[in-house]
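Raw entry-v3.txt, compact mmCIF, C-alpha atoms:
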```txt
# COMPACT_ATOMS: atom_id res chain seq x y z
CA MET A 1 -2.19 -13.36 -16.87
CA GLN A 2 -0.70 -10.07 -18.04
CA PRO A 3 1.20 -8.41 -15.18
CA HIS A 4 -0.22 -5.30 -13.58
CA VAL A 5 1.00 -2.94 -10.89
CA ILE A 6 -1.27 -3.79 -7.97
CA VAL A 7 -1.90 -0.95 -5.53
CA ILE A 8 -3.51 -1.63 -2.17
CA SER A 9 -4.75 1.37 -0.19
CA GLY A 10 -7.16 2.02 2.65
CA PRO A 11 -7.36 3.35 6.18
CA GLY A 12 -4.71 2.40 8.70
CA GLY A 13 -5.50 -0.89 10.42
CA VAL A 14 -7.58 -2.28 7.56
CA GLY A 15 -5.10 -5.08 6.84
CA LYS A 16 -3.31 -3.80 3.73
CA ASN A 17 0.06 -5.38 4.54
CA THR A 18 -1.54 -8.65 5.63
CA VAL A 19 -3.46 -8.89 2.36
CA ALA A 20 -0.39 -7.98 0.27
CA ASP A 21 1.84 -10.47 2.11
CA ASP A 22 -0.76 -13.24 1.82
CA LEU A 23 -1.22 -12.60 -1.92
CA ILE A 24 2.53 -12.90 -2.46
CA GLN A 25 2.78 -16.05 -0.32
CA THR A 26 -0.23 -17.67 -1.99
CA TYR A 27 0.79 -16.76 -5.55
CA PRO A 28 4.61 -16.41 -5.51
CA ARG A 29 4.94 -16.93 -9.28
CA GLU A 30 2.59 -14.05 -10.01
CA PHE A 31 3.09 -11.39 -7.35
CA VAL A 32 6.16 -9.75 -5.85
CA SER A 33 6.76 -7.11 -3.20
CA VAL A 34 8.70 -3.92 -3.81
CA THR A 35 11.03 -2.59 -1.14
CA LYS A 36 10.17 1.03 -0.40
CA LEU A 37 12.60 3.81 0.49
CA THR A 38 12.53 5.94 3.64
CA THR A 39 14.62 8.45 5.52
CA ARG A 40 13.29 7.46 8.93
CA ALA A 41 15.48 5.61 11.40
CA ILE A 42 15.45 1.84 11.33
CA ARG A 43 13.28 0.40 14.10
CA PRO A 44 14.09 -2.56 16.36
CA GLY A 45 13.35 -5.80 14.54
CA GLU A 46 13.56 -4.26 11.06
CA THR A 47 16.10 -5.38 8.51
CA GLU A 48 17.57 -3.22 5.75
CA GLY A 49 16.07 -4.22 2.42
CA ASN A 50 13.09 -6.11 3.80
CA GLU A 51 10.17 -3.66 3.81
CA PHE A 52 12.38 -0.56 3.48
CA ASN A 53 15.76 0.60 2.29
CA PHE A 54 16.91 3.32 4.69
CA LEU A 55 18.46 6.38 3.06
CA SER A 56 19.82 9.71 4.20
CA PRO A 57 17.62 12.70 3.33
CA LYS A 58 20.32 13.80 0.87
CA GLU A 59 20.28 10.44 -0.97
CA PHE A 60 16.46 10.38 -1.05
CA LYS A 61 16.32 13.91 -2.49
CA HIS A 62 18.96 12.94 -5.07
CA ARG A 63 16.80 10.00 -6.23
CA LEU A 64 13.75 12.24 -6.30
CA ALA A 65 15.58 14.86 -8.41
CA ALA A 66 16.78 12.09 -10.75
CA HIS A 67 13.12 11.01 -11.29
CA GLU A 68 13.84 7.52 -9.90
CA LEU A 69 10.70 7.43 -7.74
CA LEU A 70 7.23 6.41 -8.82
CA GLU A 71 5.71 8.26 -5.89
CA PHE A 72 6.76 9.78 -2.58
CA ASN A 73 5.28 11.26 0.55
CA ILE A 74 6.44 13.08 3.65
CA PHE A 75 5.13 11.82 6.99
CA ASN A 76 6.38 12.94 10.42
CA ASN A 77 9.27 14.80 8.74
CA ASN A 78 10.48 11.63 7.01
CA TYR A 79 10.41 10.83 3.32
CA TYR A 80 8.83 7.63 2.01
CA GLY A 81 8.76 6.52 -1.60
CA VAL A 82 8.57 3.72 -4.15
CA PRO A 83 11.45 3.37 -6.61
CA LYS A 84 10.40 2.86 -10.24
CA SER A 85 13.11 0.40 -11.29
CA PRO A 86 11.99 -2.65 -9.23
CA VAL A 87 8.39 -2.09 -10.35
CA ASP A 88 9.44 -2.01 -14.00
CA LEU A 89 11.76 -5.00 -13.52
CA ALA A 90 8.94 -7.09 -12.04
CA LEU A 91 6.70 -6.23 -14.98
CA THR A 92 9.36 -7.22 -17.52
CA GLN A 93 9.76 -10.52 -15.65
CA GLY A 94 6.03 -11.17 -16.00
CA LYS A 95 5.21 -10.57 -12.32
CA SER A 96 2.77 -8.12 -10.79
CA PRO A 97 4.39 -5.92 -8.15
CA ILE A 98 2.21 -5.15 -5.15
CA LEU A 99 2.45 -1.66 -3.65
CA VAL A 100 0.88 -0.78 -0.30
CA ILE A 101 0.61 2.98 -0.64
CA ASP A 102 -1.77 5.81 0.17
CA VAL A 103 -4.30 7.42 -2.16
CA ASN A 104 -1.82 10.02 -3.42
CA GLY A 105 0.61 7.25 -4.35
CA ALA A 106 -2.23 5.38 -6.04
CA ARG A 107 -2.98 8.44 -8.16
CA ALA A 108 0.69 8.78 -9.14
CA THR A 109 0.82 5.07 -10.04
CA ARG A 110 -2.32 5.38 -12.20
CA ARG A 111 -0.85 8.43 -13.96
CA HIS A 112 2.41 6.59 -14.68
CA TYR A 113 1.08 3.14 -15.64
CA GLY A 114 -2.45 3.93 -16.83
CA THR A 115 -4.62 0.84 -17.12
CA GLN A 116 -1.66 -1.39 -16.28
CA ALA A 117 -2.18 -0.21 -12.69
CA TYR A 118 -4.96 -2.01 -10.82
CA LEU A 119 -6.09 -0.18 -7.70
CA VAL A 120 -7.61 -2.02 -4.73
CA PHE A 121 -9.13 -0.13 -1.81
CA LEU A 122 -9.71 -2.05 1.42
CA THR A 123 -12.26 -1.06 4.00
CA ALA A 124 -13.40 -2.66 7.24
CA PRO A 125 -16.35 -2.16 9.55
CA ILE A 126 -15.70 0.82 11.81
CA ASP A 127 -16.06 -1.35 14.93
CA ASP A 128 -13.38 -3.71 13.56
CA LEU A 129 -11.06 -0.76 12.93
CA ARG A 130 -11.61 0.55 16.46
CA ARG A 131 -10.77 -2.88 17.93
CA ARG A 132 -7.67 -3.17 15.73
CA TYR A 133 -6.42 0.27 16.81
CA ILE A 134 -6.92 -0.55 20.48
CA ALA A 135 -5.25 -3.96 20.02
CA ARG A 136 -2.24 -2.04 18.64
CA GLY A 137 -2.04 -0.16 21.93
CA GLN A 138 -3.84 3.03 20.97
CA SER A 139 -6.15 4.74 23.43
CA GLU A 140 -9.89 5.15 22.78
CA GLN A 141 -9.20 8.82 22.00
CA GLU A 142 -6.44 7.94 19.50
CA ALA A 143 -8.68 5.30 17.92
CA ALA A 144 -11.52 7.82 17.58
CA LYS A 145 -9.14 10.26 15.88
CA ARG A 146 -7.95 7.59 13.43
CA ILE A 147 -11.55 6.70 12.61
CA GLN A 148 -12.36 10.33 11.87
CA ILE A 149 -9.37 10.51 9.52
CA ALA A 150 -10.60 7.34 7.81
CA ARG A 151 -14.15 8.66 7.46
CA HIS A 152 -13.25 12.09 6.15
CA ALA A 153 -9.93 11.74 4.32
CA GLU A 154 -9.53 8.13 3.20
CA LEU A 155 -12.90 6.41 2.69
CA PRO A 156 -14.23 9.09 0.27
CA GLU A 157 -11.30 8.28 -2.06
CA GLN A 158 -12.47 4.74 -2.71
CA ARG A 159 -14.81 5.88 -5.48
CA TRP A 160 -12.07 6.01 -8.12
CA TYR A 161 -10.44 2.64 -7.33
CA ASP A 162 -10.93 -0.39 -9.58
CA LEU A 163 -11.96 -2.70 -6.73
CA VAL A 164 -13.30 -1.89 -3.27
CA LEU A 165 -13.42 -4.72 -0.75
CA GLU A 166 -14.37 -4.96 2.87
CA ASN A 167 -11.82 -6.83 5.00
CA PRO A 168 -13.71 -7.79 8.17
CA ASN A 169 -11.96 -9.69 10.96
CA GLY A 170 -11.36 -13.32 10.06
CA HIS A 171 -12.00 -13.03 6.31
CA VAL A 172 -8.55 -12.37 4.83
CA GLY A 173 -8.64 -15.60 2.80
CA GLU A 174 -11.83 -14.50 1.05
CA VAL A 175 -10.35 -11.09 0.30
CA ILE A 176 -7.22 -12.71 -1.17
CA GLN A 177 -9.30 -15.00 -3.39
CA THR A 178 -11.47 -12.12 -4.62
CA ILE A 179 -8.47 -9.96 -5.51
CA ALA A 180 -6.68 -12.84 -7.27
CA LYS A 181 -9.83 -13.74 -9.24
CA LYS A 182 -10.28 -10.12 -10.40
CA ILE A 183 -6.62 -9.77 -11.42
CA HIS A 184 -6.67 -13.11 -13.26
CA SER A 185 -9.65 -11.87 -15.28
CA LEU A 186 -7.83 -8.74 -16.53
```

Taking this structure as input, can you express it in the form of structure tokens?
Amino acid sequence: MQPHVIVISGPGGVGKNTVADDLIQTYPREFVSVTKLTTRAIRPGETEGNEFNFLSPKEFKHRLAAHELLEFNIFNNNYYGVPKSPVDLALTQGKSPILVIDVNGARATRRHYGTQAYLVFLTAPIDDLRRRYIARGQSEQEAAKRIQIARHAELPEQRWYDLVLENPNGHVGEVIQTIAKKIHSL
């Protein structure tokens, strides 16, 4: 299998991180995670270098100006981004890095890597999303707002992804197998 940069996007609550983590655990010789960068404060239970490296805004902007980032975004006045070097290192080592990023990041990744980027968009039934949001402690009103964002801002973007999969409750294993099979056929 030739390595590819695997991008997983989709609405919040669709299971992107679960799918990415399970792919890496199931196929550790083929897939690897990439630690993202952020300027937000570290949260209880988080460890530096696990999912994120925590930077000052000055350091993040320095890396951005030095063109060290594949993509970046600003959310709630905090910067988030993916550094290029670990992505390129994984590829040279014959592994496919998995990036869980939004549609803008997916576009940037496609521009940078061309057909070596393989873009996966996950969806889920709206009722499943609503239940997942509420299970995360969101109110019905907050869940309804998230669903509207998904319907109008995120779901329409799936049309330009390489693979679109539904991730209904209880079917993560099937989703993992489908993604792996598609990537192995590239």

Interatomic distance, atom CA of Arg111 of chain A to atom CA of Val5 of chain A (Å, one decimal):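 Distance reported for this atom pair: 11.9 Å.
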
Spatial neighbours of segment 34-45 of chain A, 7 Å, only C-alpha atoms, chain gap at least 3 places, as a VMD selection string: chain A and resid 49 to 57 78 to 83 86 to 87 97 to 99

Of the listed residues A:Val19, A:Leu70, A:Leu155, A:Ile6, that which approaches His112 of chain A most closely, counting all atoms listed in the file: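 The shortest atom-to-atom distance to His112 of chain A comes from A:Leu70.
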
Residue neighbourhood Tyr27 of chain A, 12 Å, all atoms listed in the file, exclusion window fewer than 2 positions, as a list in words: Val19, Ala20, Asp21, Asp22, Leu23, Ile24, Gln25, Arg29, Glu30, Phe31, Val32, Ser33, Lys95, Ser96, Pro97, Ile98, Ile176, Gln177, Ile179, Ala180, Lys181, Ile183 and His184 of chain A

Within 12 Å of file point (-12.6, -2.4, 16.0), counting all atoms listed in the file, expressed as a PyMOL selection string: chain A and resi 12-14+124-136+138+140+143-144+146-147+167-169

Atom CA of Tyr161 of chain A to atom CA of Phe121 of chain A, straight-line distance in Å: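 Interatomic distance, atom CA of Phe121 of chain A to atom CA of Tyr161 of chain A: 6.3 Å.
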
Nearest residue to Arg110 of chain A from the set A:Asp162, A:Gly173, A:Leu186, A:Thr47 (distances using only C-alpha atoms):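 So, comparing all the options, the nearest one is A:Asp162.
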
Counting all atoms listed in the file, the option among A:Ala117, A:Ala150, A:Leu122, A:Val7 closest to Val100 of chain A: A:Val7

Residue nearest Phe60 of chain A among A:Leu163, A:Ala106, A:Ile74, A:Leu91 (counting only C-alpha atoms):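 So, comparing all the options, the nearest one is A:Ile74.
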
Please give the centre and size of the box around segment 87-92 of chain A (axis-aligned, containing every atom listed in the file, 3 Å added per side), with values in Å to one decimal and written as JSON.
```
{"center_x": 9.2, "center_y": -4.6, "center_z": -13.9, "size_x": 11.1, "size_y": 11.2, "size_z": 13.2}
```

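Minimum distance to His4 of chain A across A:Thr178, A:Thr109, A:Gln158, A:Ser139 (counting only C-alpha atoms) occurs at A:Thr109.
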
Atomic distance atom CA of Pro3 of chain A - atom CA of Gly94 of chain A, expressed in Å with one decimal: 5.6 Å

Pick from A:His171, A:Lys182, A:Arg63, A:Lys58 nearest to Val120 of chain A, counting all atoms listed in the file: A:Lys182

Near-Ala108 of chain A list (10 Å; only C-alpha atoms; drop same-chain fewer than 6 positions) as number ranges by chain: A: 70-72, 114
